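Chemist: Encoded as structure tokens, here's the structure I'll be asking about.
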Amino acid sequence: MTNGAMRFLNYPMKTLIKSSRAAFTMMGGMLIGRKRYPKEDYWMVGMLVLGLGFFIHADLFSNDAVFHPIGLAMLTVSLVCDGAVANYSELVMIQYKISQDEFQSSIYSISFIAMLCATIASGELKEAFSAFFLQHGTIADIQNASSLSSSSFTWTIEKKIAVLIVFTMMGLCGSSCAGAITKKFGALSMSITSTTRKAFTLFISFVAFKGNKCTG
């Protein structure tokens, strides 16, 4: 749902909305784990959501914003699922005394099978495999291949594979750390840590991608 929402939202907007994950995790903890949090946690999450609301309200009236209600709805569904999964993950790891890596491995194996079946059924797997592993360049380069020479491609097959390996290893390391935080400190602490990471991601996106602008 999060990746699909990128068709309707730009990256900074998606990151802002996803940063409200702590609120959904807190609600999930109250409903699923029957938790009660300190007053400071309620204030902290409330201020976080309020700040995000100001950002989103400003972007609604900005010409640079890429915002659509469908994208917002998809991200809301994603956040509800995130909140539920985070709290159930904490309960399962503590109740059955399993490590975060064992738990993540089980979850990712199920997700891999589900995504594999979905991409095969939609025909996206064959198309993506061909574009990524068999041809130089990005999707835009491949679509405009007739007007480009092979030397003009900045992304070779080898470079794309190398980036895929690095991205995968960093993702697995991050997931293992997130699982360890969830097990030791709780789902809400992990969500707040993830929100801090998203803030750095947002700032970096403004630097790396010149098309992303902060609403004035």
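Letters A, B, ... mark the chains of the structure tokens in the order given; residue numbers begin at 1 per chain; ligand numbers begin at 1, in order shown.
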Residues at most 9 Å from A:Met27, counting only C-alpha atoms, excluding those fewer than 4 positions away in the same chain, as number ranges by chain?
Modeler: A: 22-23, 31-32, 83-84
Chemist: Could you save the residues just selected, with all heavy atoms, as a PDB file, in the first residue's frame?
Modeler:
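Result saved to result_13.pdb:
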```pdb
ATOM      1  N   ALA A  22       3.561   6.442  14.943  1.00  0.00           N
ATOM      2  CA  ALA A  22       3.573   6.288  16.402  1.00  0.00           C
ATOM      3  C   ALA A  22       2.168   6.367  16.982  1.00  0.00           C
ATOM      4  O   ALA A  22       1.839   5.651  17.935  1.00  0.00           O
ATOM      5  CB  ALA A  22       4.470   7.352  17.025  1.00  0.00           C
ATOM      6  N   ALA A  23       1.315   7.223  16.403  1.00  0.00           N
ATOM      7  CA  ALA A  23      -0.053   7.354  16.908  1.00  0.00           C
ATOM      8  C   ALA A  23      -0.831   6.064  16.676  1.00  0.00           C
ATOM      9  O   ALA A  23      -1.570   5.595  17.560  1.00  0.00           O
ATOM     10  CB  ALA A  23      -0.757   8.521  16.218  1.00  0.00           C
ATOM     11  N   LEU A  31      -5.429  -1.226  22.190  1.00  0.00           N
ATOM     12  CA  LEU A  31      -6.487  -2.158  21.802  1.00  0.00           C
ATOM     13  C   LEU A  31      -6.019  -3.609  21.840  1.00  0.00           C
ATOM     14  O   LEU A  31      -6.752  -4.492  22.292  1.00  0.00           O
ATOM     15  CB  LEU A  31      -6.990  -1.817  20.393  1.00  0.00           C
ATOM     16  CG  LEU A  31      -7.691  -0.460  20.238  1.00  0.00           C
ATOM     17  CD1 LEU A  31      -8.005  -0.193  18.767  1.00  0.00           C
ATOM     18  CD2 LEU A  31      -8.973  -0.419  21.061  1.00  0.00           C
ATOM     19  N   ILE A  32      -4.799  -3.846  21.359  1.00  0.00           N
ATOM     20  CA  ILE A  32      -4.306  -5.219  21.237  1.00  0.00           C
ATOM     21  C   ILE A  32      -3.633  -5.693  22.523  1.00  0.00           C
ATOM     22  O   ILE A  32      -3.910  -6.775  23.037  1.00  0.00           O
ATOM     23  CB  ILE A  32      -3.329  -5.328  20.048  1.00  0.00           C
ATOM     24  CG1 ILE A  32      -4.060  -5.028  18.734  1.00  0.00           C
ATOM     25  CG2 ILE A  32      -2.701  -6.728  19.993  1.00  0.00           C
ATOM     26  CD1 ILE A  32      -3.140  -4.923  17.533  1.00  0.00           C
ATOM     27  N   GLY A  83       0.571  -0.471  12.691  1.00  0.00           N
ATOM     28  CA  GLY A  83       0.320  -0.430  14.124  1.00  0.00           C
ATOM     29  C   GLY A  83      -0.047  -1.787  14.687  1.00  0.00           C
ATOM     30  O   GLY A  83       0.419  -2.181  15.765  1.00  0.00           O
ATOM     31  N   ALA A  84      -0.877  -2.518  13.952  1.00  0.00           N
ATOM     32  CA  ALA A  84      -1.284  -3.849  14.406  1.00  0.00           C
ATOM     33  C   ALA A  84      -0.111  -4.823  14.388  1.00  0.00           C
ATOM     34  O   ALA A  84       0.122  -5.564  15.357  1.00  0.00           O
ATOM     35  CB  ALA A  84      -2.424  -4.372  13.539  1.00  0.00           C
TER      36      ALA A  84
END
```
Chemist: Pick from A:Leu125, A:Ala86, A:Leu91, A:Ile204: nearest to A:Ala187, with only C-alpha atoms counted?
Modeler: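 Of all the options, A:Ala86 lies closest to A:Ala187.
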Chemist: Distance atom CA of A:Thr195-atom CA of A:Ser19, one decimal place?
Modeler: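 Taking atom CA of A:Thr195 as the start and atom CA of A:Ser19 as the end point, the length is 5.0 Å.
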Chemist: Go through A:Tyr42, A:Phe200, A:Phe54, A:Phe103 one by one, measure the shortest atom-to-atom distance of each to A:Val85 using only C-alpha atoms, and give the residue with the smallest value.
Modeler: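 Closest candidate: A:Phe103.
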Chemist: Write out as number ranges by chain the set of residues from stretch 122-165 of chain A that DSSP, computed on the backbone, places in alpha helix (DSSP H).
Modeler: A: 122, 124-133, 139-143, 157-165
Chemist: Could you work out how far atom CA of A:Leu72 lies from atom CA of A:Phe8, giving the answer in Å with one decimal?
Modeler: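 A separation of 8.3 Å between them.
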Chemist: When distances are computed from only C-alpha atoms, which of A:Ile98, A:Ala140, A:Gly186, A:Lys18 shows the smallest separation from A:Leu75?
Modeler: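 Among A:Ile98, A:Ala140, A:Gly186, A:Lys18, it is A:Lys18 that comes nearest to A:Leu75.
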Chemist: Using only C-alpha atoms, which of A:Ile120, A:Leu52, A:Met169, A:Met47 sits nearest A:Met13?
Modeler: A:Leu52
Chemist: Neighbours of A:Ser176 within 12 Å (only C-alpha atoms; same-chain residues fewer than 2 positions away dropped), as a list in words?
Modeler: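 Answer for this query is Ser99, Gln100, Asp101, Glu102, Phe103, Gln104, Ser105, Tyr108, Met169, Met170, Gly171, Leu172, Cys173, Gly174, Ala178, Gly179, Ala180, Ile181, Thr182, Lys183 and Met190 of chain A.
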Chemist: What's around A:Ala128 at 10 Å? Count only C-alpha atoms, leave out sequence neighbours fewer than 5 positions away in its own chain, and write the answer as a PyMOL selection string.
Modeler: chain A and resi 119+123+133-134+139
Chemist: Since we have the selection now, will you write its residues out, keeping C-alpha atoms, as a PDB file, in the first residue's frame?
Modeler:
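File written: again_22.pdb
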```pdb
ATOM      1  CA  THR A 119       3.803 -10.161  -9.390  1.00  0.00           C
ATOM      2  CA  GLY A 123       2.931 -10.006 -15.211  1.00  0.00           C
ATOM      3  CA  PHE A 133      18.812  -7.649 -15.019  1.00  0.00           C
ATOM      4  CA  LEU A 134      18.890  -7.829 -18.824  1.00  0.00           C
ATOM      5  CA  ILE A 139      12.901   2.487 -16.949  1.00  0.00           C
TER       6      ILE A 139
END
```
Chemist: So how far away is atom CA of A:Phe24 from atom CA of A:Met93, in Å?
Modeler: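 Result for atom CA of A:Met93 versus atom CA of A:Phe24: 20.0 Å, one decimal.
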Chemist: List the neighbours of A:Gly33 out to 8 Å using only C-alpha atoms; skip same-chain residues closer than 3 positions along the sequence, and give me the result as number ranges by chain.
Modeler: A: 28-30, 87, 91
Chemist: Any chance you could export the current selection's C-alpha atoms as a PDB file, in the first residue's frame?
Modeler:
```pdb
ATOM      1  CA  GLY A  28      -2.836  -0.572  18.575  1.00  0.00           C
ATOM      2  CA  GLY A  29      -1.062  -1.076  21.891  1.00  0.00           C
ATOM      3  CA  MET A  30      -4.141   0.096  23.772  1.00  0.00           C
ATOM      4  CA  ASN A  87       2.119  -4.693  18.565  1.00  0.00           C
ATOM      5  CA  LEU A  91       3.555  -9.939  21.883  1.00  0.00           C
TER       6      LEU A  91
END
```
